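Next comes run.txt, with compact mmCIF, C-alpha atoms and all ligand atoms.
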```txt
# COMPACT_ATOMS: atom_id res chain seq x y z
CA MET A 1 -31.63 81.10 45.90
CA SER A 2 -31.32 78.76 42.94
CA ASP A 3 -29.29 76.18 44.86
CA SER A 4 -29.70 75.27 48.49
CA GLY A 5 -26.99 77.29 50.13
CA ILE A 6 -26.67 79.82 52.90
CA TYR A 7 -25.78 83.17 51.39
CA LEU A 8 -23.35 85.08 53.61
CA ASP A 9 -21.82 87.28 50.90
CA TYR A 10 -23.87 90.48 51.20
CA ALA A 11 -20.76 92.65 50.91
CA ALA A 12 -20.39 91.37 47.33
CA THR A 13 -23.98 91.99 46.30
CA THR A 14 -27.48 91.82 47.76
CA PRO A 15 -30.77 90.44 46.45
CA VAL A 16 -33.15 93.11 45.14
CA ASP A 17 -35.84 94.00 47.68
CA PRO A 18 -39.36 93.06 46.41
CA ARG A 19 -40.49 96.67 46.99
CA VAL A 20 -37.66 97.82 44.74
CA VAL A 21 -38.69 95.28 42.09
CA GLU A 22 -42.21 96.71 42.21
CA THR A 23 -40.90 100.25 41.70
CA MET A 24 -38.72 99.13 38.80
CA LEU A 25 -41.53 97.19 37.10
CA ALA A 26 -43.65 100.34 37.15
CA CYS A 27 -41.08 101.87 34.78
CA MET A 28 -41.04 99.01 32.34
CA GLY A 29 -43.37 97.85 29.58
CA GLU A 30 -45.70 99.87 27.37
CA ALA A 31 -47.63 101.40 30.25
CA GLY A 32 -44.52 102.20 32.27
CA ASN A 33 -42.27 105.24 32.61
CA PHE A 34 -39.95 103.95 29.92
CA ALA A 35 -39.67 107.14 27.87
CA ASN A 36 -36.38 108.98 27.54
CA PRO A 37 -36.32 111.49 30.41
CA SER A 38 -34.55 113.99 28.14
CA ALA A 39 -37.47 113.98 25.67
CA LEU A 40 -39.75 117.00 25.81
CA HIS A 41 -43.05 115.20 25.27
CA ALA A 42 -45.35 114.34 28.16
CA ALA A 43 -44.07 110.76 28.45
CA GLY A 44 -40.49 112.04 28.65
CA ARG A 45 -41.45 114.58 31.28
CA ALA A 46 -43.12 111.83 33.32
CA SER A 47 -39.86 109.84 33.21
CA ALA A 48 -37.91 112.94 34.22
CA ARG A 49 -40.16 113.25 37.28
CA VAL A 50 -39.41 109.64 38.21
CA VAL A 51 -35.68 110.39 38.00
CA GLU A 52 -36.09 113.56 40.05
CA HIS A 53 -38.04 111.71 42.72
CA ALA A 54 -35.30 109.06 42.97
CA ALA A 55 -32.61 111.75 43.19
CA GLY A 56 -34.54 113.25 46.09
CA GLU A 57 -34.62 109.88 47.88
CA LEU A 58 -30.89 109.27 47.43
CA ALA A 59 -30.09 112.88 48.35
CA ARG A 60 -32.06 112.52 51.59
CA LEU A 61 -30.00 109.45 52.53
CA ILE A 62 -26.73 111.44 52.45
CA ASN A 63 -28.23 114.87 53.17
CA CYS A 64 -27.27 116.69 49.98
CA ASP A 65 -28.93 118.78 47.30
CA PRO A 66 -30.26 116.31 44.68
CA ARG A 67 -28.74 118.49 41.95
CA ARG A 68 -25.29 117.49 43.23
CA LEU A 69 -25.78 113.83 42.16
CA VAL A 70 -24.48 112.32 38.92
CA TRP A 71 -25.88 108.92 37.86
CA THR A 72 -23.31 106.33 36.83
CA SER A 73 -23.24 102.57 36.23
CA GLY A 74 -21.98 101.81 39.75
CA ALA A 75 -19.27 102.59 42.25
CA THR A 76 -16.50 101.49 39.86
CA GLU A 77 -17.51 104.18 37.39
CA SER A 78 -18.12 106.73 40.16
CA ASN A 79 -14.60 106.15 41.50
CA ASN A 80 -13.13 106.47 38.01
CA LEU A 81 -15.07 109.63 37.29
CA ALA A 82 -14.10 111.17 40.62
CA ILE A 83 -10.40 110.30 40.53
CA GLN A 84 -9.63 110.63 36.84
CA GLY A 85 -12.09 113.51 36.47
CA VAL A 86 -10.54 115.64 39.21
CA LEU A 87 -6.92 114.80 38.45
CA ARG A 88 -7.27 115.48 34.71
CA ALA A 89 -9.07 118.77 35.39
CA ARG A 90 -6.32 119.88 37.78
CA GLU A 91 -3.33 118.55 35.87
CA HIS A 92 -1.96 122.05 35.29
CA ARG A 93 -1.74 122.56 39.08
CA GLY A 94 0.01 119.38 40.07
CA ARG A 95 0.05 115.63 39.56
CA HIS A 96 -0.08 114.01 42.99
CA LEU A 97 -2.71 111.55 44.29
CA ILE A 98 -2.85 110.22 47.85
CA THR A 99 -4.66 106.97 48.68
CA MET A 100 -4.25 103.68 50.60
CA PRO A 101 -3.42 100.10 49.60
CA THR A 102 -6.55 99.00 51.49
CA GLU A 103 -8.85 100.64 48.94
CA HIS A 104 -11.07 98.63 46.60
CA LYS A 105 -9.54 97.73 43.22
CA ALA A 106 -11.86 100.29 41.65
CA VAL A 107 -9.58 102.85 43.33
CA THR A 108 -6.18 101.12 43.47
CA ASP A 109 -6.25 100.11 39.81
CA VAL A 110 -7.22 103.65 38.76
CA ALA A 111 -4.31 105.00 40.83
CA LYS A 112 -1.91 102.48 39.28
CA ALA A 113 -3.09 103.38 35.76
CA LEU A 114 -2.57 107.08 36.48
CA GLY A 115 0.83 106.23 37.94
CA ARG A 116 1.79 104.65 34.62
CA GLU A 117 0.71 107.88 32.90
CA GLY A 118 3.06 109.91 35.07
CA TRP A 119 1.04 110.93 38.13
CA ARG A 120 2.80 110.53 41.46
CA VAL A 121 0.85 108.27 43.82
CA THR A 122 1.42 108.10 47.58
CA TRP A 123 0.18 104.89 49.21
CA LEU A 124 -0.49 105.46 52.92
CA GLU A 125 -0.01 102.26 54.90
CA PRO A 126 -2.71 101.57 57.52
CA GLU A 127 -2.16 100.66 61.14
CA PRO A 128 -2.48 96.90 61.83
CA GLY A 129 -6.20 97.41 62.54
CA GLY A 130 -6.71 98.94 59.09
CA LEU A 131 -7.14 102.57 60.16
CA LEU A 132 -5.33 105.46 58.53
CA PRO A 133 -2.88 107.23 60.87
CA ILE A 134 -3.96 110.80 60.21
CA GLU A 135 -0.52 112.31 60.84
CA ARG A 136 0.78 110.17 57.97
CA LEU A 137 -1.73 111.88 55.68
CA ASP A 138 -0.76 115.30 56.99
CA ALA A 139 2.88 114.55 56.19
CA ALA A 140 2.07 113.27 52.69
CA ILE A 141 0.18 116.37 51.47
CA ASP A 142 2.38 118.83 49.58
CA ASP A 143 1.96 121.67 47.07
CA ASP A 144 1.60 119.18 44.24
CA SER A 145 -1.30 117.19 45.85
CA GLN A 146 -4.60 117.37 43.93
CA LEU A 147 -6.72 114.59 45.46
CA VAL A 148 -7.01 112.38 48.53
CA SER A 149 -9.09 109.21 48.04
CA ILE A 150 -9.97 107.19 51.17
CA MET A 151 -12.90 104.78 51.48
CA PHE A 152 -15.62 104.96 54.13
CA ALA A 153 -16.05 101.27 55.07
CA ASN A 154 -13.72 98.57 53.83
CA ASN A 155 -15.27 95.83 51.70
CA GLU A 156 -13.01 93.06 53.06
CA THR A 157 -12.75 93.87 56.75
CA GLY A 158 -15.59 96.33 57.44
CA VAL A 159 -13.11 98.83 58.97
CA VAL A 160 -14.60 102.35 59.00
CA GLN A 161 -12.22 105.29 58.57
CA ASP A 162 -12.58 108.57 60.47
CA ILE A 163 -13.98 110.42 57.45
CA ALA A 164 -14.78 113.56 59.47
CA ALA A 165 -11.18 113.98 60.64
CA ILE A 166 -9.66 113.12 57.26
CA GLY A 167 -12.02 115.57 55.53
CA ARG A 168 -11.18 118.32 58.01
CA LEU A 169 -7.49 117.91 57.32
CA CYS A 170 -7.97 117.87 53.54
CA ARG A 171 -10.10 121.02 53.75
CA GLU A 172 -7.44 122.74 55.90
CA ARG A 173 -4.74 121.81 53.43
CA GLY A 174 -6.88 122.75 50.39
CA VAL A 175 -6.91 119.31 48.75
CA PRO A 176 -10.15 117.80 47.35
CA PHE A 177 -11.31 114.65 49.16
CA HIS A 178 -12.98 111.66 47.49
CA VAL A 179 -14.70 108.90 49.49
CA ASP A 180 -15.69 105.47 48.14
CA ALA A 181 -18.85 104.85 50.17
CA ALA A 182 -20.04 101.71 48.35
CA GLN A 183 -20.02 99.66 51.58
CA ALA A 184 -21.21 102.44 53.87
CA LEU A 185 -24.19 103.85 51.99
CA GLY A 186 -27.47 102.99 53.65
CA LYS A 187 -25.69 101.14 56.45
CA ILE A 188 -23.89 103.88 58.35
CA ALA A 189 -25.39 107.37 58.69
CA ILE A 190 -23.70 109.64 56.12
CA ASP A 191 -24.23 113.39 56.24
CA VAL A 192 -22.20 115.08 53.52
CA ALA A 193 -23.38 118.48 54.74
CA ALA A 194 -21.53 117.85 58.01
CA LEU A 195 -18.47 116.17 56.50
CA ASP A 196 -15.75 117.89 54.47
CA VAL A 197 -16.24 115.45 51.60
CA ASP A 198 -16.03 116.72 48.01
CA LEU A 199 -16.87 113.54 46.13
CA LEU A 200 -18.70 110.42 47.32
CA SER A 201 -19.13 107.19 45.32
CA MET A 202 -22.26 105.08 45.74
CA THR A 203 -23.87 101.98 44.25
CA ALA A 204 -27.35 100.45 44.44
CA HIS A 205 -26.63 96.72 44.44
CA LYS A 206 -25.15 96.64 47.94
CA ILE A 207 -28.34 98.10 49.44
CA TYR A 208 -30.94 95.74 47.93
CA GLY A 209 -31.19 97.80 44.73
CA PRO A 210 -30.41 96.71 41.16
CA GLN A 211 -26.95 96.03 39.73
CA GLY A 212 -25.64 98.47 37.14
CA ILE A 213 -26.61 101.80 38.70
CA GLY A 214 -24.60 104.07 40.94
CA ALA A 215 -24.06 107.73 41.65
CA LEU A 216 -21.37 110.24 42.41
CA TYR A 217 -22.00 113.13 44.77
CA VAL A 218 -20.01 116.20 43.72
CA ALA A 219 -19.93 119.05 46.25
CA ARG A 220 -20.79 122.52 45.04
CA CYS A 221 -17.50 124.32 45.14
CA ASP A 222 -16.10 126.94 42.75
CA ASP A 223 -12.73 125.28 42.84
CA LEU A 224 -13.91 121.78 41.96
CA SER A 225 -14.29 120.78 38.33
CA LEU A 226 -14.20 117.37 36.67
CA GLU A 227 -13.22 116.16 33.20
CA PRO A 228 -15.82 113.68 31.90
CA LEU A 229 -14.79 110.08 31.11
CA LEU A 230 -17.41 109.78 28.37
CA PHE A 231 -18.51 112.11 25.57
CA GLY A 232 -21.76 111.92 23.68
CA GLY A 233 -24.62 114.13 24.69
CA ALA A 234 -25.88 116.91 26.88
CA GLN A 235 -27.27 114.69 29.65
CA GLN A 236 -26.14 115.40 33.23
CA GLY A 237 -24.44 118.62 32.22
CA ARG A 238 -22.19 116.60 29.83
CA LEU A 239 -20.35 115.25 32.87
CA ARG A 240 -21.80 111.79 32.25
CA PRO A 241 -23.74 111.68 28.96
CA GLY A 242 -26.01 108.84 27.84
CA THR A 243 -29.72 108.03 28.17
CA LEU A 244 -30.62 107.66 31.83
CA PRO A 245 -31.81 104.14 32.81
CA VAL A 246 -35.09 105.23 34.40
CA HIS A 247 -36.03 101.84 35.91
CA LEU A 248 -32.59 101.41 37.53
CA ILE A 249 -32.59 104.95 38.92
CA ALA A 250 -36.12 104.49 40.28
CA GLY A 251 -34.98 101.24 41.92
CA PHE A 252 -31.91 102.92 43.44
CA GLY A 253 -34.10 105.70 44.85
CA ARG A 254 -36.53 103.23 46.40
CA ALA A 255 -33.68 101.16 47.87
CA ALA A 256 -32.20 104.35 49.34
CA ALA A 257 -35.53 105.33 50.89
CA ILE A 258 -35.95 101.88 52.44
CA ALA A 259 -32.37 101.88 53.76
CA GLY A 260 -32.85 105.30 55.32
CA GLY A 261 -35.96 104.08 57.11
CA SER A 262 -34.34 100.93 58.48
CA LEU A 263 -30.79 102.11 59.17
CA LEU A 264 -30.93 101.62 62.93
CA ASP A 265 -32.83 98.32 62.83
CA ASP A 266 -30.45 96.96 60.21
CA TYR A 267 -27.42 98.04 62.23
CA THR A 268 -28.70 96.40 65.41
CA HIS A 269 -29.58 93.22 63.53
CA LEU A 270 -26.13 93.01 61.92
CA TRP A 271 -24.41 93.75 65.22
CA GLU A 272 -26.17 90.81 66.87
CA LEU A 273 -25.31 88.48 64.02
CA ARG A 274 -21.63 89.40 63.90
CA ASP A 275 -21.32 89.17 67.66
CA ARG A 276 -22.97 85.75 67.62
CA LEU A 277 -20.68 84.49 64.85
CA TRP A 278 -17.50 85.75 66.51
CA ARG A 279 -18.46 84.31 69.89
CA GLY A 280 -19.14 81.00 68.14
CA ILE A 281 -15.76 80.72 66.41
CA GLU A 282 -13.27 82.71 68.50
CA SER A 283 -12.31 79.60 70.47
CA VAL A 284 -11.32 77.65 67.34
CA PRO A 285 -7.54 77.17 67.70
CA GLY A 286 -5.46 79.63 65.66
CA VAL A 287 -8.40 81.78 64.58
CA VAL A 288 -7.79 85.54 64.49
CA ARG A 289 -10.03 88.41 63.54
CA ASN A 290 -8.86 90.86 60.87
CA GLY A 291 -9.56 94.58 61.24
CA GLU A 292 -10.09 96.84 64.23
CA ALA A 293 -13.16 95.39 65.95
CA ASP A 294 -14.07 98.70 67.62
CA ALA A 295 -13.99 100.61 64.34
CA SER A 296 -15.87 98.40 61.97
CA TYR A 297 -19.20 98.09 60.28
CA PRO A 298 -21.01 95.06 61.75
CA GLY A 299 -22.10 93.57 58.40
CA ILE A 300 -18.67 92.01 57.86
CA LEU A 301 -16.54 89.60 59.88
CA ASN A 302 -13.14 88.69 58.42
CA VAL A 303 -11.19 85.88 60.08
CA SER A 304 -7.99 83.96 59.37
CA ALA A 305 -6.96 80.49 60.47
CA GLY A 306 -3.17 80.27 60.14
CA GLY A 307 -1.79 77.39 58.10
CA LEU A 308 -4.94 76.75 56.10
CA ASP A 309 -5.54 77.73 52.53
CA GLY A 310 -8.54 79.95 51.79
CA GLU A 311 -9.60 78.07 48.67
CA SER A 312 -9.68 74.70 50.44
CA LEU A 313 -11.47 76.31 53.35
CA LEU A 314 -14.04 77.79 50.98
CA LEU A 315 -14.73 74.36 49.49
CA ALA A 316 -14.91 72.75 52.92
CA LEU A 317 -17.43 75.40 53.98
CA GLU A 318 -19.97 74.49 51.27
CA PRO A 319 -22.97 75.05 51.28
CA LEU A 320 -22.05 78.41 52.85
CA HIS A 321 -21.65 81.15 50.27
CA VAL A 322 -18.77 83.21 51.65
CA SER A 323 -15.66 84.81 50.14
CA THR A 324 -11.94 84.50 50.61
CA GLY A 325 -10.62 88.03 51.08
CA SER A 326 -12.85 89.88 48.64
CA ALA A 327 -14.82 88.59 45.69
CA CYS A 328 -12.79 90.88 43.45
CA ASN A 329 -9.48 89.19 44.33
CA SER A 330 -10.68 85.61 44.32
CA GLN A 331 -9.83 85.10 40.65
CA SER A 332 -6.22 86.20 41.01
CA GLY A 333 -5.30 83.59 43.64
CA GLU A 334 -3.11 86.21 45.36
CA PRO A 335 -3.43 86.69 49.12
CA SER A 336 -5.45 89.79 49.92
CA ALA A 337 -3.44 92.99 49.40
CA VAL A 338 -5.66 94.62 52.02
CA LEU A 339 -4.67 92.14 54.73
CA ARG A 340 -1.02 92.13 53.63
CA SER A 341 -0.84 95.90 53.95
CA MET A 342 -2.32 95.61 57.45
CA GLY A 343 0.77 93.60 58.33
CA ARG A 344 -0.83 90.14 58.18
CA SER A 345 1.61 87.40 57.12
CA ASP A 346 1.04 85.65 53.78
CA GLU A 347 0.01 82.62 55.78
CA LEU A 348 -2.73 84.47 57.64
CA ALA A 349 -3.82 86.47 54.60
CA GLU A 350 -4.14 83.27 52.53
CA SER A 351 -6.56 81.71 55.03
CA ALA A 352 -8.87 84.71 55.31
CA ILE A 353 -12.60 84.20 55.04
CA ARG A 354 -15.05 87.08 54.81
CA PHE A 355 -18.51 86.45 56.24
CA SER A 356 -20.98 89.20 55.39
CA PHE A 357 -24.55 89.51 56.55
CA GLY A 358 -27.65 91.29 55.39
CA ARG A 359 -31.22 92.07 56.26
CA PRO A 360 -32.43 88.54 55.39
CA THR A 361 -29.70 86.76 57.44
CA SER A 362 -31.08 84.86 60.44
CA LYS A 363 -29.52 83.57 63.65
CA ARG A 364 -30.01 80.08 62.25
CA ASP A 365 -27.85 80.99 59.25
CA VAL A 366 -25.16 82.20 61.62
CA ASP A 367 -25.40 79.05 63.75
CA ALA A 368 -24.99 76.95 60.61
CA ALA A 369 -21.94 79.08 59.70
CA ILE A 370 -20.42 78.54 63.15
CA GLU A 371 -20.83 74.78 62.87
CA SER A 372 -19.45 74.65 59.31
CA TYR A 373 -16.48 76.81 60.14
CA ARG A 374 -15.51 74.93 63.31
CA ASP A 375 -15.92 71.65 61.49
CA ALA A 376 -14.00 72.72 58.36
CA VAL A 377 -11.05 74.16 60.28
CA THR A 378 -10.81 71.08 62.49
CA ARG A 379 -11.06 68.73 59.52
CA LEU A 380 -8.47 70.59 57.40
CA ARG A 381 -6.09 70.88 60.32
CA GLY A 382 -6.30 67.11 60.69
CA LEU A 383 -4.97 66.78 57.13
CA LEU A 384 -1.95 69.02 57.72
CA PRO A 385 1.40 67.14 57.67
CA GLU A 386 2.50 68.28 61.14
CA ALA A 387 -0.66 66.85 62.66
CA ALA A 388 -0.21 63.44 60.98
C1 LIG A 401 -18.65 96.89 45.43
C2 LIG A 401 -17.67 97.95 45.61
C3 LIG A 401 -17.23 98.74 44.54
C4 LIG A 401 -17.67 98.47 43.13
O1 LIG A 401 -19.01 98.78 42.96
P1 LIG A 401 -19.78 98.41 41.62
O2 LIG A 401 -21.08 99.09 41.76
O3 LIG A 401 -19.89 96.92 41.62
O4 LIG A 401 -18.98 98.92 40.48
C5 LIG A 401 -16.34 99.75 44.80
N1 LIG A 401 -15.90 100.00 46.03
C6 LIG A 401 -16.29 99.27 47.09
C7 LIG A 401 -15.78 99.61 48.45
C8 LIG A 401 -17.18 98.22 46.92
O5 LIG A 401 -17.55 97.49 47.97
```
Just dump the structure as structure tokens.
Amino acid sequence: MSDSGIYLDYAATTPVDPRVVETMLACMGEAGNFANPSALHAAGRASARVVEHAAGELARLINCDPRRLVWTSGATESNNLAIQGVLRAREHRGRHLITMPTEHKAVTDVAKALGREGWRVTWLEPEPGGLLPIERLDAAIDDDSQLVSIMFANNETGVVQDIAAIGRLCRERGVPFHVDAAQALGKIAIDVAALDVDLLSMTAHKIYGPQGIGALYVARCDDLSLEPLLFGGAQQGRLRPGTLPVHLIAGFGRAAAIAGGSLLDDYTHLWELRDRLWRGIESVPGVVRNGEADASYPGILNVSAGGLDGESLLLALEPLHVSTGSACNSQSGEPSAVLRSMGRSDELAESAIRFSFGRPTSKRDVDAAIESYRDAVTRLRGLLPEAA
């Protein structure tokens, strides 16, 4: 890291794995696979093979046919393509979208924009632990419904939804199902062949791959078509035209292969770290954990300390690099909409801190985080008027 800090913000983005860098460098420069993979000359065909190899690696990670993958610029674009693409293609059948307020902004803001254009949006409130009550979804689906969009693992709390059960219900009711898997890919086993998932959004930069490359899995289904967001060329069946970024795709493929090989080790490592952190701070007065502990991905621990303000806490926690709520909300200054919809008071939501761990995180990093957090909360509490 450029400054001496302890990075505990892996849910926001991860450093690129050196093996991924090596794969990407092999695509760059005069001797690399830099040629346009759509070109018919030998150099272009060599690039096309690099892309095909990467598609195979990503496809293996989620157990799909590599031809069902569309390359995008990241999960934001994948979510937009999935949601807008399906709803615009099915507009003549109905104009109803079902999602949750706990989704990432790359879903909620798309839903709000479609709402302004006249689509009806149903926001399913979670239980206090963050999970979707499935009977609420069953009740929300009607003849007008054209898409259900529910994320796999939550980026603020780590809460993992029951994607198998939600998919089964959507399939029964004949509504396409989109899953934002940006936080789950490469961290939780995903088998799209066994899940009733029609569309799955992915991104490379949360699994030690490069920023700026993602993918959308689109199930093979006669009834499922998508309107493109972009127009311009014949690449990717015109669903997402534009020259493919060969080095980024190669890097994503390599990152996916590495993640697949270390899924269990990573999971165990993260579990130990989160457990250690929680045991170290649970006795701090007023500290509560956000999100169902038994249903969450171990790479994230989200805690609130009532009465304190997240921004001040963040400053007091330096040199730890952590987030209040999610990185994507930190500019708005609003308390996390995710925590508010889980029934947390403004006061608790405002003091939320998200710790997130990765492959390089050590027990020493966690011990430093425990000390900083205990110290910061105690110090800030001492400054509160009622304690004076
Ligand atoms: C990071 C993230 C996104 C956005 O991904 P980008 O690749 O940065 O566009 C979307 N959804 C979730 C759940 C995320 O964690």
Using only C-alpha atoms, which residue out of A:Leu132, A:Leu317, A:Val70, A:Ala139 lies closest to A:Ile213?
->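 Checking each candidate against A:Ile213, we get A:Val70 as the closest.
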Enumerate, in order of chain and increasing residue number, the residues of chain A with an atom no farther than 8 Å from ligand LIG 401 (chain A), each with its shortest atom pair and distance in Å to one decimal, counting all atoms listed in the file, as CSV.
```
residue,atom,partner,partner_atom,distance
A:Ala11,CA,A:LIG401,O5,6.5
A:Ala12,CA,A:LIG401,C1,6.1
A:Thr13,CA,A:LIG401,C1,7.3
A:Ser73,CA,A:LIG401,O2,6.9
A:Gly74,CA,A:LIG401,O2,3.5
A:Ala75,CA,A:LIG401,O1,3.9
A:Thr76,CA,A:LIG401,O4,3.6
A:Glu77,CA,A:LIG401,O4,6.3
A:Ser78,CA,A:LIG401,O4,7.9
A:Asn79,CA,A:LIG401,C5,7.4
A:Glu103,CA,A:LIG401,C7,7.0
A:His104,CA,A:LIG401,N1,5.1
A:Lys105,CA,A:LIG401,C5,7.3
A:Ala106,CA,A:LIG401,C5,5.5
A:Val107,CA,A:LIG401,N1,7.4
A:Met151,CA,A:LIG401,C7,6.6
A:Phe152,CA,A:LIG401,C7,7.8
A:Ala153,CA,A:LIG401,C7,6.8
A:Asn154,CA,A:LIG401,C7,5.9
A:Asn155,CA,A:LIG401,O5,4.7
A:Asp180,CA,A:LIG401,N1,5.9
A:Ala181,CA,A:LIG401,C7,6.3
A:Ala182,CA,A:LIG401,C6,4.6
A:Gln183,CA,A:LIG401,O5,4.9
A:Ser201,CA,A:LIG401,N1,7.9
A:Met202,CA,A:LIG401,O2,7.3
A:Thr203,CA,A:LIG401,O2,4.7
A:Ala204,CA,A:LIG401,O2,7.0
A:His205,CA,A:LIG401,O2,6.6
A:Lys206,CA,A:LIG401,C1,7.0
A:Gln211,CA,A:LIG401,O2,6.9
A:Gly212,CA,A:LIG401,O2,6.5
A:Ile213,CA,A:LIG401,O2,6.9
A:Gly214,CA,A:LIG401,O2,6.2
```
Restricting the calculation to only C-alpha atoms, which member of A:Ile141, A:Ala194, A:Ala250, A:Leu301 is positioned closest to A:Cys170?
->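 Comparing A:Ile141, A:Ala194, A:Ala250, A:Leu301 against A:Cys170, the winner is A:Ile141.
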Within-12 Å shell of (-37.1, 94.7, 38.6) in input frame, only C-alpha atoms, as an NGL selection string | :A and (15-29 or 208-211 or 246-252 or 254-255)
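Note that atom CA of A:Ile62 and atom CA of A:Ala48 are 21.4 Å apart.
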Can you tell me how far atom CA of A:Ile300 sits from atom CA of A:Gly158, in Å to one decimal?
-> 5.3 Å
Out of A:Leu273, A:Ile83, A:Lys187, A:Ala89, which residue has the shortest atom-to-atom distance to A:Gly260 when counting all atoms listed in the file?
->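 Checking each candidate against A:Gly260, we get A:Lys187 as the closest.
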Atomic separation - atom CA of A:Asp367 relative to atom CA of A:Ser262, Å |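 Computing it gives 24.2 Å between the two atoms.
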A:Glu282 surroundings by all atoms listed in the file, 10 Å radius, close-in-sequence under 6 positions cut, as a ChimeraX atom specification | /A:288-289,303,370,374
A:Trp278, A:His269, A:Pro37, A:Val377: which is nearest A:Leu314, counting only C-alpha atoms?
->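 That would be A:Val377, the residue with the smallest distance to A:Leu314.
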If I wrap all listed atoms of stretch 148-157 of chain A in a box with edges along x, y and z and add 4 Å on each side, what are its centre and edge lengths in Å to one decimal, as JSON?
```
{"center_x": -11.5, "center_y": 102.7, "center_z": 52.4, "size_x": 17.0, "size_y": 27.3, "size_z": 16.7}
```
Exercise: A:Ala82 partners within 8 Å, all atoms listed in the file, chain neighbours under 2 positions left out, as a list in words | Ser78, Asn79, Asn80, Gln84, Gly85, Val86, His178, Leu199, Ser201, Leu216 and Leu226 of chain A
Within 8 Å of stretch 275-277 of chain A, counting all atoms listed in the file, which residues show up once you throw out same-chain ones fewer than 2 positions away? Write them as a list in words, please.
-> Trp271, Glu272, Leu273, Arg279, Gly280, Ile281, Lys363, Val366, Asp367, Ala369 and Ile370 of chain A
Between A:Thr122, A:Ser351, A:Ser296, A:Ser372, which one has atoms that come closest to A:His321, using all atoms listed in the file?
->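 Closest to A:His321 of all the choices is A:Ser372.
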Neighbours of A:Arg68 within 10 Å (all atoms listed in the file; same-chain residues fewer than 6 positions away dropped), as a VMD selection string?
-> chain A and resid 55 59 199 215 to 220
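Closest approach to A:Asn290 from the set A:Ile353, A:Val322, A:Leu8, A:Ala113 is made by A:Ile353, with distances taken over all atoms listed in the file.
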Since the input has fewer atoms than a full residue there, write stretch 83-93 of chain A out with N, CA, C and O atoms, as a PDB file, keeping the file's coordinate frame.
```pdb
ATOM      1  N   ILE A  83     -11.869 110.233  40.449  1.00  0.00           N
ATOM      2  CA  ILE A  83     -10.400 110.300  40.530  1.00  0.00           C
ATOM      3  C   ILE A  83      -9.805 110.821  39.219  1.00  0.00           C
ATOM      4  O   ILE A  83      -9.044 111.790  39.204  1.00  0.00           O
ATOM      5  N   GLN A  84     -10.175 110.167  38.114  1.00  0.00           N
ATOM      6  CA  GLN A  84      -9.630 110.630  36.840  1.00  0.00           C
ATOM      7  C   GLN A  84     -10.163 112.015  36.508  1.00  0.00           C
ATOM      8  O   GLN A  84      -9.435 112.865  36.002  1.00  0.00           O
ATOM      9  N   GLY A  85     -11.455 112.237  36.814  1.00  0.00           N
ATOM     10  CA  GLY A  85     -12.090 113.510  36.470  1.00  0.00           C
ATOM     11  C   GLY A  85     -11.414 114.689  37.158  1.00  0.00           C
ATOM     12  O   GLY A  85     -11.117 115.705  36.526  1.00  0.00           O
ATOM     13  N   VAL A  86     -11.161 114.550  38.456  1.00  0.00           N
ATOM     14  CA  VAL A  86     -10.540 115.640  39.210  1.00  0.00           C
ATOM     15  C   VAL A  86      -9.071 115.806  38.813  1.00  0.00           C
ATOM     16  O   VAL A  86      -8.604 116.914  38.561  1.00  0.00           O
ATOM     17  N   LEU A  87      -8.356 114.689  38.736  1.00  0.00           N
ATOM     18  CA  LEU A  87      -6.920 114.800  38.450  1.00  0.00           C
ATOM     19  C   LEU A  87      -6.669 115.368  37.049  1.00  0.00           C
ATOM     20  O   LEU A  87      -5.773 116.189  36.858  1.00  0.00           O
ATOM     21  N   ARG A  88      -7.479 114.955  36.072  1.00  0.00           N
ATOM     22  CA  ARG A  88      -7.270 115.480  34.710  1.00  0.00           C
ATOM     23  C   ARG A  88      -7.639 116.960  34.632  1.00  0.00           C
ATOM     24  O   ARG A  88      -7.013 117.725  33.912  1.00  0.00           O
ATOM     25  N   ALA A  89      -8.668 117.350  35.410  1.00  0.00           N
ATOM     26  CA  ALA A  89      -9.070 118.770  35.390  1.00  0.00           C
ATOM     27  C   ALA A  89      -8.040 119.649  36.088  1.00  0.00           C
ATOM     28  O   ALA A  89      -7.964 120.846  35.831  1.00  0.00           O
ATOM     29  N   ARG A  90      -7.267 119.081  37.002  1.00  0.00           N
ATOM     30  CA  ARG A  90      -6.320 119.880  37.780  1.00  0.00           C
ATOM     31  C   ARG A  90      -4.862 119.599  37.405  1.00  0.00           C
ATOM     32  O   ARG A  90      -3.949 120.005  38.145  1.00  0.00           O
ATOM     33  N   GLU A  91      -4.665 118.956  36.272  1.00  0.00           N
ATOM     34  CA  GLU A  91      -3.330 118.550  35.870  1.00  0.00           C
ATOM     35  C   GLU A  91      -2.343 119.716  35.814  1.00  0.00           C
ATOM     36  O   GLU A  91      -1.159 119.562  36.140  1.00  0.00           O
ATOM     37  N   HIS A  92      -2.843 120.879  35.418  1.00  0.00           N
ATOM     38  CA  HIS A  92      -1.960 122.050  35.290  1.00  0.00           C
ATOM     39  C   HIS A  92      -1.461 122.545  36.650  1.00  0.00           C
ATOM     40  O   HIS A  92      -0.497 123.290  36.730  1.00  0.00           O
ATOM     41  N   ARG A  93      -2.146 122.081  37.746  1.00  0.00           N
ATOM     42  CA  ARG A  93      -1.740 122.560  39.080  1.00  0.00           C
ATOM     43  C   ARG A  93      -0.750 121.637  39.755  1.00  0.00           C
ATOM     44  O   ARG A  93       0.010 122.076  40.634  1.00  0.00           O
TER      45      ARG A  93
END
```
